[in-house]
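The structure appears below as structure tokens.
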Amino acid sequence: MSEKKIAVIGDKDVVLAFKAVGVDVYPSSDREKSKETLIKLARNYLVILITEDIASQIGDIIDRYKTKPYPLVLPIPSAKGASGFGEENIRRNIEKAVGSDILFGAEEK
Amino acid sequence: MAVLRVNPTRMELKRLKNRLKTAVRGHKLLKDKSDEMIRRFLIFVKQNKKLRREVENELSDALKNFMLAKAGMDDAAVQEAVAMPSVGVELITATQNIMSLNVPELTVKAVEGDTFPYGFAGTNGELDSAISNLSGLLVKIVKLAEVEKICNMLADEIEKNRRRVNALENVMIPETQETIKYISMKLDENERANIVRLMKVKSMLENRD
């Protein structure tokens, strides 16, 4: 694994903010390009942050990296706020492991 | 339940009995492993949920602030301001072992430097605070990435493990038991047949005289 560390894939505004704190950024807006970027970055980076709206489009590629130790692909909210995509992932994990949703279900009652 | 296709011999019986013993023991071990993994998973998943809530709220706030700051400034000026960041982040990677799963462990090391890589004349105060918020948040984001990865991997492993337990419990163990029963019955039957044959021969010999 090479020494590169954190990358962000996202729309222009998000990317600009992260650039200021010294993270490598890859602006992307359409599905195909995000896909390509992610596959390319997965070889070089340890942590890849993807904004939720893009992550929800390329979920199939993200799932590929889920069970490998590296890279760590993390959906992050964009400036619009969280869409619940990240929590959905946690819920799916719980269902997969335990068989039923025991954390989120109890809360909504 | 189907009986395995084996020759009903003593050797086969012994082999199957050993195999059954191993299977039962393995089944118990795997079941214990599954219990422990689920226990750990629940701890991580709770942490994951809490962290994600925090990060999501703080991050979208930070990004919103950044957006506001950007709106108050010339676009080119913002581009210029963030074009050459003087800080960086470095990750120190290690692996930790959770239930014999190798999961990543990351520690963030901030590269020293001025947080604000631009002169204050051309930018406004909101941009400063947005950026300093964001760089503080980065540690938390990496932590979240780590915890979420652990959850993903554990969930996957738990599922795999459950398959193994089920396969042992519902297929392998009953099949072996059935076969052992079949072989021992067949052997008994052979023995009885043998005795009957001997008795028959004996009576035939007696009748000849």
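Simple scheme: letters A, B, ... for chains in structure tokens order, numbers from 1 for residues in each chain, numbers from 1 for ligands in the order shown.
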- [ ] For chain B, work out the contacting residues on chain A at 8 Å, counting only C-alpha atoms, and write them as a ChimeraX atom specification.
- [x] /A:5-6,13-14,16-23,47,66-70,72-74,76-82,86-87,90,93-94,96-98
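The residues of segment 24-97 of chain B that DSSP classifies as strand (DSSP E), using the backbone of this structure, are Gly88, Val89, Glu90, Leu91, Ile92, Thr93, Ala94, Thr95, Gln96 and Asn97 of chain B.
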Residues near Ile54 of chain A, cut-off 9 Å, only C-alpha atoms, skip fewer than 2 positions along chain, as a compact mmCIF listing (two decimals) with N, CA and C atoms, in the first residue's frame:
```
# COMPACT_ATOMS: atom_id res chain seq x y z
N ILE A 9 -14.00 12.62 -2.91
CA ILE A 9 -14.71 12.75 -4.18
C ILE A 9 -16.01 13.47 -3.89
N GLY A 10 -16.28 14.53 -4.61
CA GLY A 10 -17.51 15.26 -4.30
C GLY A 10 -17.75 16.37 -5.28
N ASP A 11 -18.82 17.10 -5.04
CA ASP A 11 -19.09 18.23 -5.93
C ASP A 11 -18.12 19.36 -5.61
N SER A 28 -16.10 15.73 -8.90
CA SER A 28 -16.79 14.88 -9.85
C SER A 28 -18.27 15.14 -9.71
N SER A 29 -18.98 15.04 -10.80
CA SER A 29 -20.41 15.27 -10.67
C SER A 29 -21.21 14.13 -11.26
N ASP A 30 -20.74 13.55 -12.37
CA ASP A 30 -21.60 12.53 -12.95
C ASP A 30 -21.15 11.13 -12.54
N ARG A 31 -22.03 10.20 -12.76
CA ARG A 31 -21.91 8.85 -12.24
C ARG A 31 -20.68 8.13 -12.80
N SER A 34 -17.38 9.46 -11.46
CA SER A 34 -17.14 9.11 -10.06
C SER A 34 -16.70 7.67 -9.94
N ILE A 50 -16.64 10.14 0.19
CA ILE A 50 -17.48 10.42 -0.96
C ILE A 50 -18.76 11.08 -0.46
N THR A 51 -19.16 12.14 -1.12
CA THR A 51 -20.40 12.78 -0.67
C THR A 51 -21.58 11.86 -0.95
N GLU A 52 -22.60 12.00 -0.10
CA GLU A 52 -23.68 11.03 -0.11
C GLU A 52 -24.42 10.93 -1.43
N SER A 56 -24.58 7.36 -3.26
CA SER A 56 -25.80 6.59 -3.48
C SER A 56 -25.93 6.15 -4.94
N GLN A 57 -25.24 6.87 -5.83
CA GLN A 57 -25.30 6.48 -7.25
C GLN A 57 -24.38 5.30 -7.56
N ILE A 58 -23.26 5.24 -6.85
CA ILE A 58 -22.30 4.20 -7.20
C ILE A 58 -22.14 3.18 -6.07
N GLY A 59 -23.28 2.89 -5.44
CA GLY A 59 -23.28 1.96 -4.31
C GLY A 59 -22.67 0.61 -4.64
N PRO A 75 -19.07 7.40 3.15
CA PRO A 75 -19.96 8.45 2.66
C PRO A 75 -20.06 9.59 3.66
```
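For the choices B:Ala167, B:Ile180, B:Leu198, B:Leu68, the atom-to-atom distance to Asp128 of chain B is smallest for B:Leu68 when using only C-alpha atoms.
Shortest separation to Asp63 of chain A among A:Ser83, A:Arg43, A:Glu36, A:Arg92 occurs at residue A:Arg92, atoms counted being only C-alpha atoms.
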Task: alpha helix (DSSP H) per DSSP on the backbone: members of segment 13-177 of chain B, as a PyMOL selection string - done: chain B and resi 13-71+75-83+125-167+173-177
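Here atom CA of Asn166 of chain B and atom CA of Lys33 of chain B stand 13.5 Å from one another.
Atom CA of Ile173 of chain B lies 11.7 Å from atom CA of Asn18 of chain B.
Within 12 Å of Glu175 of chain B, once only C-alpha atoms are used and residues closer than 3 positions along the same chain are dropped, the contacting residues are Met1, Ala2, Val3, Leu4, Arg5, Val6, Leu16, Lys17, Arg19, Leu20, Ala23, Ala167, Leu168, Glu169, Asn170, Val171, Met172, Glu178, Thr179, Ile180, Lys181 and Tyr182 of chain B.
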